Amino acid sequence: MKSFNYIASRLIGFVLILLIGSVIYQFTIYPSIKKSEGWLQPLAERQLEKNAEILYFSSSTNKAFGPNDTDQRSIVQIVQDSIQHKIVSIDTGAIHCGIFYEILQRIPQNQLPKKIIIDLNVRSFGNNWIHSGLENSLQRNLVYWNAYPGVINHLRASMKVYNYQSPAEHHRAIEYGEKFAELPFGNSHTTIKKWCDSLFNASKTPEEGMTMIRHFGHFIEEKNSMLRNVDLIVEWGKKRHIPIVFIILPENVHRMEFLVGNDLRKLVEQNAEFLQKRYSTKNVHVINLVDDLDETVFFESFPTEHYTSVGRKHIAQKMIEVINSKK
Amino acid sequence: MTFNSVQFILFLPLALLLYYAVNANRRWIVLLMMSYIFYAGWKVEYLALIVYSTLIDYFVAQWIFNSSSKAKRKRLLALSLVSNFGLLILFKYFHFLIGGSPWFKDLADSNETMLWLQFVFEYGIPVGISFYTFQTVSYTLDVYHGRIEPEKNLGKFALFVTFFPQLVAGPIERFSELHPQLFNAFKPKLETFRLAFQLCLYGFFLKMVIADNLGDIVSPLFADPSAYNQISKVVAPFLFGFQIFADFFGYTLIAIGVAHLFGVRLMDNFKSPYGSYSLREFWSKWHISLSTWFRDYVYIPLGGSKHSRNRWILAILVTFGLSGLWHGANVTYIYWGLFHGAYYVLEQRFFPAPSKDRMKIFEKSLRWISTFIAITFGWLLFRSNSMKDISHFFSGTGEISIFQVTILPLLIPIIGFFMLEILFRQQRIDQFLENKSPLVRWSIYSFALISILLFSARGDMQFIYFQF
């Protein structure tokens, strides 16, 4: 009995401290932490509250870059100006289908849209995107988006109770891919490493070309982890009878061809075709724009999907067509 | 799995339940099984290395013990040393010694097998390899020198190698100290749990609040020192000094606390090292299990202080240089070790510290400040990624500052940490709290617990010593 009292009194004391700490945390630190760490939730919720008929999942692609651009409207604004249906976008840098799926799961039943349009970029299926330095931060962000008390969310984030991989593991995965993942070429470009090495010896300024190879030099196969995320989205839409549209974003294929030759362009187009074919057979409407745009429409020489108003209007036009169609 | 993970928080009660549930003379089997599961929590394939190391030292020690031929015993010892250090070199120093050299790069470019080998050996350092290698090597050396008799039971020897609380980052225990404790008939008391709670709570506070937050502040600076302003560059090595202390001391306290639950008393690895008045004193209080290992198995065999002055200097420099290399495959670690060695030699040769009782306050202050600054300069060498990065600390200045408004709330736990360390003096938290009133005890518990809830960091920090 003495032992029981001893243990019980200490357990009660322990729980009391936890409760006091939890209350202090909830009302002092949590609001600012949630603002800095859980930014995805308010961004998504604000958009979802608008009860859109069409939900557009994009990323920084949606936005205007550069003050000299003739039209500063985002893709979604251009679309909205031309259609009757209400469309909202969820767009922030570096998000991808894995995050889109998490957001979809959190949409309340009474706010489900009638159609979902999703940007797919071929680059996001490569190791440099899947294992990017931002991934842990994105996954941690999701921790703050649930109903647990603030202090539990904080401890979950602190103890890495989310899809966490250490920076070293991410780095190793990228390195492994570059050294050993085989590319479908009969020439010397059988791995990213070999391709970069050959470029290094052949070009006086190889860095830009090597960056292109590292970001686009992957062959999308069935075991690709990003593909699983896309599959989950398709399943989610099927279960709720919500049509999904994928837009395979334009890439700077002309620049690629100029920098490293035709092989990389062919690989990017091949990957886009693979995605188009794979999801068309699953009754998803896929619009393949991968080689639709000219080099001048891209803002950066570094691989991005950031377009001038010409590019954004082109994507917007395709979206308008699909929204107005019966598909 | 790391101590500050949900996996470990689930693993530990399960391990304890199983351990206490079985008959006392079979508990070691449970402990061995749980230790392997714990280690496999990182990467299952790493188990092969620890099993290899266990088998080599188990058999070699038996053969050495049973052999009467001195030459044969020497050959067997060499076999153990080559096997253990060979493994360590392959997995820890491959890139530093071979993989990074131009000739090997050329070879790997033209040969697929070499490329594979390079990737396997640069796969990432198997966690804890430096710690268990040193522990098993000390066992074989102790058998060779006749200090201990080898363990006859392979499983029991395997437990000495893999005992999970101290497996991945020490303390590096000696066979004569650890092994008998693993098989004692142990009955836990309430006091056992209280002590483990105190050690683990303070350990988690040090790791999750102090070390990880300081790490989040200084890591970006060490990644690119040229971008930071001068005041940040001056302060960063000091902050890192406290980060590494809180990180490693925190880990050690948790290890000691968890080991207590299994009836094992691990050695203390730290005794307020930053209160030292000389580098010699610092090394008697910092990572004690490693420094005594180097003293017993490197410094003394090299002659120690029993020969000429030049030989003593050589022994000191070699010992510290190897200690630096033990920490990692980078030239900065070697410079860190050599810097400590050189400072140690100069200090002992020209300014040996008298006993504390004979020092006046001014001398004490001067010695403490100079020692602390020397240690901090050492941390600059230790933490920097390259010699070029080190040069950025002394030239040019950037615009970014590590002092931002967002770190202001962290001052509460950090000031609390300093106050507690001063309060504890050279005692461990459990020793300090032993005779204290419930009010003092629960005040400290509340502070540590609420600090963990409120201020634990959310960044990418791992236990620093897991990489060594």
# chains A, B, ... in the order shown; residues from 1 in each chain; ligands from 1
$ interface_residues --of "chain A" --to "chain B" --cutoff "6 Å" --atoms "only C-alpha atoms" --output "JSON list (two decimals) with N, CA and C atoms, in the first residue's frame"
[["chain", "number", "residue", "atom", "x", "y", "z"],
["A", 21, "GLY", "N", 2.06, 22.41, -18.16],
["A", 21, "GLY", "CA", 2.93, 22.71, -19.29],
["A", 21, "GLY", "C", 2.15, 22.81, -20.59],
["A", 25, "TYR", "N", 1.83, 26.05, -22.92],
["A", 25, "TYR", "CA", 2.27, 25.95, -24.32],
["A", 25, "TYR", "C", 1.18, 26.38, -25.30],
["A", 157, "ALA", "N", 6.49, 16.50, -33.59],
["A", 157, "ALA", "CA", 7.46, 17.13, -34.50],
["A", 157, "ALA", "C", 8.87, 16.99, -33.95],
["A", 158, "SER", "N", 9.00, 17.21, -32.65],
["A", 158, "SER", "CA", 10.31, 17.17, -32.02],
["A", 158, "SER", "C", 10.91, 15.76, -32.04],
["A", 159, "MET", "N", 10.05, 14.75, -31.87],
["A", 159, "MET", "CA", 10.55, 13.37, -31.87],
["A", 159, "MET", "C", 10.46, 12.75, -33.27]]
$ select_by_dssp --residues "range 304-374 of chain B" --states "alpha helix (DSSP H)" --output "compact mmCIF listing (two decimals) with C-alpha atoms, in the first residue's frame"
# COMPACT_ATOMS: atom_id res chain seq x y z
CA ARG B 309 60.86 14.23 -22.74
CA ASN B 310 60.84 13.90 -26.51
CA ARG B 311 59.29 10.47 -26.31
CA TRP B 312 56.69 11.78 -23.90
CA ILE B 313 55.84 14.62 -26.33
CA LEU B 314 55.59 12.10 -29.14
CA ALA B 315 53.33 9.86 -27.04
CA ILE B 316 51.06 12.80 -26.20
CA LEU B 317 50.83 13.99 -29.81
CA VAL B 318 50.21 10.50 -31.20
CA THR B 319 47.55 9.82 -28.55
CA PHE B 320 45.72 13.07 -29.15
CA GLY B 321 46.13 12.80 -32.93
CA LEU B 322 44.57 9.33 -32.90
CA SER B 323 41.85 10.55 -30.57
CA GLY B 324 41.06 13.24 -33.13
CA LEU B 325 41.01 10.70 -35.94
CA TRP B 326 38.72 8.45 -33.90
CA HIS B 327 36.10 11.20 -34.03
CA VAL B 331 41.57 16.42 -41.41
CA THR B 332 39.87 18.95 -39.10
CA TYR B 333 39.46 16.26 -36.42
CA ILE B 334 43.16 15.43 -36.63
CA TYR B 335 44.05 19.11 -36.27
CA TRP B 336 41.69 19.29 -33.30
CA GLY B 337 43.49 16.35 -31.67
CA LEU B 338 46.94 17.74 -32.44
CA PHE B 339 45.96 21.18 -31.16
CA HIS B 340 44.89 19.60 -27.86
CA GLY B 341 48.10 17.57 -27.79
CA ALA B 342 50.32 20.59 -28.43
CA TYR B 343 48.48 22.72 -25.88
CA TYR B 344 48.68 19.89 -23.36
CA VAL B 345 52.44 19.57 -23.85
CA LEU B 346 53.02 23.33 -23.54
CA GLU B 347 50.78 23.57 -20.50
CA GLN B 348 52.46 20.66 -18.72
CA ARG B 349 55.92 21.79 -19.69
CA PHE B 350 55.67 25.49 -18.84
CA ILE B 361 41.34 33.49 -7.13
CA PHE B 362 43.21 35.51 -9.77
CA GLU B 363 45.24 32.52 -10.93
CA LYS B 364 42.17 30.34 -10.87
CA SER B 365 40.25 32.85 -13.02
CA LEU B 366 43.13 33.24 -15.45
CA ARG B 367 43.63 29.51 -15.81
CA TRP B 368 39.93 28.83 -16.16
CA ILE B 369 39.50 31.52 -18.85
CA SER B 370 42.56 30.44 -20.85
CA THR B 371 41.55 26.77 -20.65
CA PHE B 372 37.98 27.52 -21.68
CA ILE B 373 39.11 29.65 -24.63
CA ALA B 374 41.55 26.94 -25.74
$ closest_residue --among "B:Ile254, B:Val120, B:Ile390, B:Met114" --to "Phe8 in chain B" --atoms "only C-alpha atoms"
B:Ile254
$ residues_around --residues "Phe270 in chain B" --least-positions-apart "3" --cutoff "8 Å" --atoms "only C-alpha atoms" --output "PyMOL selection string"
chain B and resi 249+273+285-288
$ residues_around --residues "Met256 in chain A" --least-positions-apart "4" --cutoff "7 Å" --atoms "only C-alpha atoms" --output "PyMOL selection string"
chain A and resi 212+252+260-261+264-265
$ atom_distance --atom1 "CA of Ala61 in chain B" --atom2 "CA of Ala259 in chain B"
26.1 Å
$ residues_around --residues "Ser309 in chain A" --least-positions-apart "2" --cutoff "10 Å" --atoms "only C-alpha atoms" --output "PyMOL selection string"
chain A and resi 63-65+69-75+78+297-298+306-307+311-316
$ closest_atom_pairs --of "range 55-146 of chain A" --to "range 161-177 of chain A" --cutoff "8 Å" --atoms "only C-alpha atoms" --output "Markdown table"
| residue | atom | partner | partner_atom | distance |
| --- | --- | --- | --- | --- |
| A:Asn127 | CA | A:Ile174 | CA | 5.5 |
| A:Asn128 | CA | A:Ile174 | CA | 6.4 |
| A:His131 | CA | A:His170 | CA | 5.0 |
| A:Ser132 | CA | A:His170 | CA | 7.3 |
| A:Gly133 | CA | A:Pro167 | CA | 7.1 |
| A:Asn136 | CA | A:Tyr164 | CA | 5.8 |
| A:Gln139 | CA | A:Asn163 | CA | 6.1 |
| A:Arg140 | CA | A:Tyr162 | CA | 6.4 |
| A:Val143 | CA | A:Tyr162 | CA | 6.9 |
$ closest_residue --among "A:Leu120, A:Val253, A:Leu40, A:Ile242" --to "Leu275 in chain A" --atoms "only C-alpha atoms"
A:Leu120
$ residues_around --residues "Gln135 in chain B" --least-positions-apart "5" --cutoff "8 Å" --atoms "only C-alpha atoms" --output "PyMOL selection string"
chain B and resi 161+172-175
$ residues_around --residues "range 233-242 of chain B" --least-positions-apart "2" --cutoff "8 Å" --atoms "only C-alpha atoms" --output "ChimeraX atom specification"
/B:211,214-215,218,221,225,228-231,244-246,376-377,379-380,383,393
$ write_last_selection --atoms "N, CA and C atoms" --output "CSV table (one decimal), in the first residue's frame"
chain,number,residue,atom,x,y,z
B,211,ALA,N,20.8,21.1,-26.4
B,211,ALA,CA,21.6,20.7,-27.5
B,211,ALA,C,21.0,21.0,-28.9
B,214,LEU,N,20.5,24.7,-29.6
B,214,LEU,CA,21.8,25.4,-30.0
B,214,LEU,C,22.3,24.9,-31.3
B,215,GLY,N,22.0,23.6,-31.6
B,215,GLY,CA,22.4,23.1,-32.9
B,215,GLY,C,21.7,23.8,-34.0
B,218,VAL,N,23.5,27.2,-34.5
B,218,VAL,CA,24.9,27.2,-35.0
B,218,VAL,C,25.1,26.5,-36.3
B,221,LEU,N,25.5,28.4,-39.5
B,221,LEU,CA,26.7,29.2,-39.6
B,221,LEU,C,27.9,28.3,-40.0
B,225,PRO,N,30.2,29.7,-43.0
B,225,PRO,CA,30.6,30.8,-42.1
B,225,PRO,C,30.8,32.1,-42.8
B,228,TYR,N,28.2,35.0,-42.4
B,228,TYR,CA,27.8,35.5,-41.1
B,228,TYR,C,28.7,36.6,-40.7
B,229,ASN,N,28.1,37.5,-39.8
B,229,ASN,CA,28.9,38.6,-39.3
B,229,ASN,C,29.9,38.2,-38.2
B,230,GLN,N,30.8,39.1,-37.9
B,230,GLN,CA,31.9,38.7,-37.1
B,230,GLN,C,31.5,38.2,-35.7
B,231,ILE,N,30.6,39.0,-35.1
B,231,ILE,CA,30.1,38.6,-33.7
B,231,ILE,C,29.5,37.2,-33.7
B,244,ILE,N,27.6,20.5,-27.9
B,244,ILE,CA,28.2,19.1,-27.9
B,244,ILE,C,28.2,18.5,-26.5
B,245,PHE,N,28.4,19.4,-25.5
B,245,PHE,CA,28.4,19.0,-24.1
B,245,PHE,C,27.0,18.5,-23.7
B,246,ALA,N,26.0,19.3,-24.0
B,246,ALA,CA,24.6,19.0,-23.6
B,246,ALA,C,24.1,17.7,-24.4
B,376,THR,N,37.4,26.0,-26.5
B,376,THR,CA,36.5,26.6,-27.5
B,376,THR,C,37.2,26.7,-28.9
B,377,PHE,N,38.4,27.1,-28.9
B,377,PHE,CA,39.1,27.2,-30.2
B,377,PHE,C,39.2,25.8,-30.8
B,379,TRP,N,37.0,23.5,-30.4
B,379,TRP,CA,35.7,23.2,-31.0
B,379,TRP,C,35.5,23.8,-32.4
B,380,LEU,N,36.1,24.9,-32.6
B,380,LEU,CA,36.1,25.6,-33.9
B,380,LEU,C,36.7,24.6,-35.0
B,383,ARG,N,34.4,21.4,-35.3
B,383,ARG,CA,33.0,21.5,-35.9
B,383,ARG,C,33.1,21.9,-37.4
B,393,PHE,N,36.5,32.0,-40.6
B,393,PHE,CA,36.2,32.6,-39.2
B,393,PHE,C,37.1,33.8,-38.9
$ select_by_dssp --residues "range 161-323 of chain A" --states "strand (DSSP E or B)" --output "ChimeraX atom specification"
/A:244-248,285-288,298,307
$ atom_distance --atom1 "CA of Gly155 in chain B" --atom2 "CA of Ile29 in chain B"
7.6 Å
$ closest_residue --among "A:Ile152, A:Thr61, A:Phe180, A:Thr211" --to "Leu19 in chain A" --atoms "only C-alpha atoms"
A:Ile152
$ decode --residues "range 71-112 of chain B" --atoms "N, CA and C atoms" --output "PDB file, in the first residue's frame"
ATOM      1  N   ALA B  71      54.635 -16.184 -29.513  1.00  0.00           N
ATOM      2  CA  ALA B  71      54.543 -15.747 -30.913  1.00  0.00           C
ATOM      3  C   ALA B  71      53.129 -15.950 -31.452  1.00  0.00           C
ATOM      4  N   LYS B  72      52.555 -17.091 -31.082  1.00  0.00           N
ATOM      5  CA  LYS B  72      51.192 -17.374 -31.557  1.00  0.00           C
ATOM      6  C   LYS B  72      50.196 -16.385 -30.950  1.00  0.00           C
ATOM      7  N   ARG B  73      50.391 -16.115 -29.661  1.00  0.00           N
ATOM      8  CA  ARG B  73      49.500 -15.148 -29.005  1.00  0.00           C
ATOM      9  C   ARG B  73      49.590 -13.789 -29.696  1.00  0.00           C
ATOM     10  N   LYS B  74      50.806 -13.430 -30.082  1.00  0.00           N
ATOM     11  CA  LYS B  74      50.990 -12.139 -30.771  1.00  0.00           C
ATOM     12  C   LYS B  74      50.285 -12.122 -32.115  1.00  0.00           C
ATOM     13  N   ARG B  75      50.409 -13.251 -32.826  1.00  0.00           N
ATOM     14  CA  ARG B  75      49.768 -13.336 -34.143  1.00  0.00           C
ATOM     15  C   ARG B  75      48.248 -13.247 -34.016  1.00  0.00           C
ATOM     16  N   LEU B  76      47.756 -13.918 -32.961  1.00  0.00           N
ATOM     17  CA  LEU B  76      46.298 -13.878 -32.741  1.00  0.00           C
ATOM     18  C   LEU B  76      45.832 -12.468 -32.375  1.00  0.00           C
ATOM     19  N   LEU B  77      46.634 -11.798 -31.559  1.00  0.00           N
ATOM     20  CA  LEU B  77      46.274 -10.422 -31.194  1.00  0.00           C
ATOM     21  C   LEU B  77      46.255  -9.544 -32.457  1.00  0.00           C
ATOM     22  N   ALA B  78      47.266  -9.765 -33.293  1.00  0.00           N
ATOM     23  CA  ALA B  78      47.332  -8.985 -34.544  1.00  0.00           C
ATOM     24  C   ALA B  78      46.093  -9.259 -35.400  1.00  0.00           C
ATOM     25  N   LEU B  79      45.673 -10.528 -35.421  1.00  0.00           N
ATOM     26  CA  LEU B  79      44.473 -10.879 -36.188  1.00  0.00           C
ATOM     27  C   LEU B  79      43.252 -10.091 -35.687  1.00  0.00           C
ATOM     28  N   SER B  80      43.122 -10.027 -34.365  1.00  0.00           N
ATOM     29  CA  SER B  80      41.995  -9.287 -33.796  1.00  0.00           C
ATOM     30  C   SER B  80      42.092  -7.801 -34.142  1.00  0.00           C
ATOM     31  N   LEU B  81      43.274  -7.248 -33.963  1.00  0.00           N
ATOM     32  CA  LEU B  81      43.433  -5.801 -34.212  1.00  0.00           C
ATOM     33  C   LEU B  81      43.189  -5.467 -35.681  1.00  0.00           C
ATOM     34  N   VAL B  82      43.751  -6.306 -36.557  1.00  0.00           N
ATOM     35  CA  VAL B  82      43.565  -6.057 -37.994  1.00  0.00           C
ATOM     36  C   VAL B  82      42.086  -6.184 -38.368  1.00  0.00           C
ATOM     37  N   SER B  83      41.422  -7.208 -37.821  1.00  0.00           N
ATOM     38  CA  SER B  83      39.995  -7.409 -38.144  1.00  0.00           C
ATOM     39  C   SER B  83      39.155  -6.234 -37.661  1.00  0.00           C
ATOM     40  N   ASN B  84      39.366  -5.867 -36.404  1.00  0.00           N
ATOM     41  CA  ASN B  84      38.543  -4.788 -35.835  1.00  0.00           C
ATOM     42  C   ASN B  84      38.836  -3.440 -36.476  1.00  0.00           C
ATOM     43  N   PHE B  85      40.120  -3.097 -36.493  1.00  0.00           N
ATOM     44  CA  PHE B  85      40.451  -1.779 -37.062  1.00  0.00           C
ATOM     45  C   PHE B  85      40.284  -1.777 -38.581  1.00  0.00           C
ATOM     46  N   GLY B  86      40.444  -2.960 -39.181  1.00  0.00           N
ATOM     47  CA  GLY B  86      40.213  -3.051 -40.629  1.00  0.00           C
ATOM     48  C   GLY B  86      38.770  -2.701 -40.975  1.00  0.00           C
ATOM     49  N   LEU B  87      37.880  -3.244 -40.174  1.00  0.00           N
ATOM     50  CA  LEU B  87      36.453  -2.961 -40.375  1.00  0.00           C
ATOM     51  C   LEU B  87      36.171  -1.462 -40.185  1.00  0.00           C
ATOM     52  N   LEU B  88      36.785  -0.947 -39.134  1.00  0.00           N
ATOM     53  CA  LEU B  88      36.590   0.477 -38.818  1.00  0.00           C
ATOM     54  C   LEU B  88      37.125   1.343 -39.964  1.00  0.00           C
ATOM     55  N   ILE B  89      38.302   0.971 -40.448  1.00  0.00           N
ATOM     56  CA  ILE B  89      38.902   1.762 -41.533  1.00  0.00           C
ATOM     57  C   ILE B  89      38.035   1.676 -42.784  1.00  0.00           C
ATOM     58  N   LEU B  90      37.576   0.456 -43.100  1.00  0.00           N
ATOM     59  CA  LEU B  90      36.771   0.290 -44.312  1.00  0.00           C
ATOM     60  C   LEU B  90      35.499   1.137 -44.276  1.00  0.00           C
ATOM     61  N   PHE B  91      34.817   1.080 -43.159  1.00  0.00           N
ATOM     62  CA  PHE B  91      33.505   1.724 -43.112  1.00  0.00           C
ATOM     63  C   PHE B  91      33.551   3.183 -42.666  1.00  0.00           C
ATOM     64  N   LYS B  92      34.597   3.558 -41.978  1.00  0.00           N
ATOM     65  CA  LYS B  92      34.625   4.929 -41.462  1.00  0.00           C
ATOM     66  C   LYS B  92      35.603   5.822 -42.217  1.00  0.00           C
ATOM     67  N   TYR B  93      36.725   5.226 -42.639  1.00  0.00           N
ATOM     68  CA  TYR B  93      37.781   6.058 -43.217  1.00  0.00           C
ATOM     69  C   TYR B  93      38.024   5.765 -44.690  1.00  0.00           C
ATOM     70  N   PHE B  94      37.155   4.977 -45.299  1.00  0.00           N
ATOM     71  CA  PHE B  94      37.402   4.572 -46.685  1.00  0.00           C
ATOM     72  C   PHE B  94      37.517   5.792 -47.604  1.00  0.00           C
ATOM     73  N   HIS B  95      36.536   6.686 -47.506  1.00  0.00           N
ATOM     74  CA  HIS B  95      36.549   7.848 -48.386  1.00  0.00           C
ATOM     75  C   HIS B  95      37.758   8.735 -48.084  1.00  0.00           C
ATOM     76  N   PHE B  96      38.041   8.919 -46.811  1.00  0.00           N
ATOM     77  CA  PHE B  96      39.134   9.787 -46.378  1.00  0.00           C
ATOM     78  C   PHE B  96      40.487   9.261 -46.857  1.00  0.00           C
ATOM     79  N   LEU B  97      40.667   7.934 -46.764  1.00  0.00           N
ATOM     80  CA  LEU B  97      41.973   7.358 -47.097  1.00  0.00           C
ATOM     81  C   LEU B  97      42.082   6.941 -48.564  1.00  0.00           C
ATOM     82  N   ILE B  98      40.992   6.402 -49.113  1.00  0.00           N
ATOM     83  CA  ILE B  98      41.070   5.814 -50.462  1.00  0.00           C
ATOM     84  C   ILE B  98      40.040   6.422 -51.421  1.00  0.00           C
ATOM     85  N   GLY B  99      38.785   6.353 -51.021  1.00  0.00           N
ATOM     86  CA  GLY B  99      37.692   6.697 -51.936  1.00  0.00           C
ATOM     87  C   GLY B  99      37.767   8.092 -52.529  1.00  0.00           C
ATOM     88  N   GLY B 100      38.311   9.038 -51.759  1.00  0.00           N
ATOM     89  CA  GLY B 100      38.358  10.417 -52.245  1.00  0.00           C
ATOM     90  C   GLY B 100      39.561  10.707 -53.120  1.00  0.00           C
ATOM     91  N   SER B 101      40.494   9.753 -53.225  1.00  0.00           N
ATOM     92  CA  SER B 101      41.717  10.020 -53.997  1.00  0.00           C
ATOM     93  C   SER B 101      41.444   9.914 -55.500  1.00  0.00           C
ATOM     94  N   PRO B 102      42.157  10.740 -56.296  1.00  0.00           N
ATOM     95  CA  PRO B 102      41.903  10.752 -57.736  1.00  0.00           C
ATOM     96  C   PRO B 102      42.088   9.403 -58.405  1.00  0.00           C
ATOM     97  N   TRP B 103      43.120   8.639 -57.971  1.00  0.00           N
ATOM     98  CA  TRP B 103      43.370   7.353 -58.634  1.00  0.00           C
ATOM     99  C   TRP B 103      42.212   6.385 -58.424  1.00  0.00           C
ATOM    100  N   PHE B 104      41.611   6.445 -57.189  1.00  0.00           N
ATOM    101  CA  PHE B 104      40.495   5.524 -56.955  1.00  0.00           C
ATOM    102  C   PHE B 104      39.262   5.966 -57.735  1.00  0.00           C
ATOM    103  N   LYS B 105      39.093   7.296 -57.830  1.00  0.00           N
ATOM    104  CA  LYS B 105      37.946   7.798 -58.596  1.00  0.00           C
ATOM    105  C   LYS B 105      38.024   7.312 -60.045  1.00  0.00           C
ATOM    106  N   ASP B 106      39.246   7.400 -60.603  1.00  0.00           N
ATOM    107  CA  ASP B 106      39.438   6.927 -61.989  1.00  0.00           C
ATOM    108  C   ASP B 106      39.108   5.436 -62.094  1.00  0.00           C
ATOM    109  N   LEU B 107      39.580   4.691 -61.078  1.00  0.00           N
ATOM    110  CA  LEU B 107      39.345   3.248 -61.062  1.00  0.00           C
ATOM    111  C   LEU B 107      37.844   2.951 -60.978  1.00  0.00           C
ATOM    112  N   ALA B 108      37.166   3.665 -60.099  1.00  0.00           N
ATOM    113  CA  ALA B 108      35.727   3.442 -59.906  1.00  0.00           C
ATOM    114  C   ALA B 108      34.937   3.832 -61.152  1.00  0.00           C
ATOM    115  N   ASP B 109      35.414   4.877 -61.844  1.00  0.00           N
ATOM    116  CA  ASP B 109      34.724   5.300 -63.062  1.00  0.00           C
ATOM    117  C   ASP B 109      34.764   4.232 -64.141  1.00  0.00           C
ATOM    118  N   SER B 110      35.868   3.482 -64.139  1.00  0.00           N
ATOM    119  CA  SER B 110      36.017   2.503 -65.216  1.00  0.00           C
ATOM    120  C   SER B 110      35.611   1.098 -64.787  1.00  0.00           C
ATOM    121  N   ASN B 111      35.340   0.916 -63.516  1.00  0.00           N
ATOM    122  CA  ASN B 111      35.064  -0.432 -63.033  1.00  0.00           C
ATOM    123  C   ASN B 111      33.810  -0.427 -62.150  1.00  0.00           C
ATOM    124  N   GLU B 112      32.797  -1.113 -62.625  1.00  0.00           N
ATOM    125  CA  GLU B 112      31.494  -1.131 -61.931  1.00  0.00           C
ATOM    126  C   GLU B 112      31.624  -1.716 -60.518  1.00  0.00           C
TER     127      GLU B 112
END
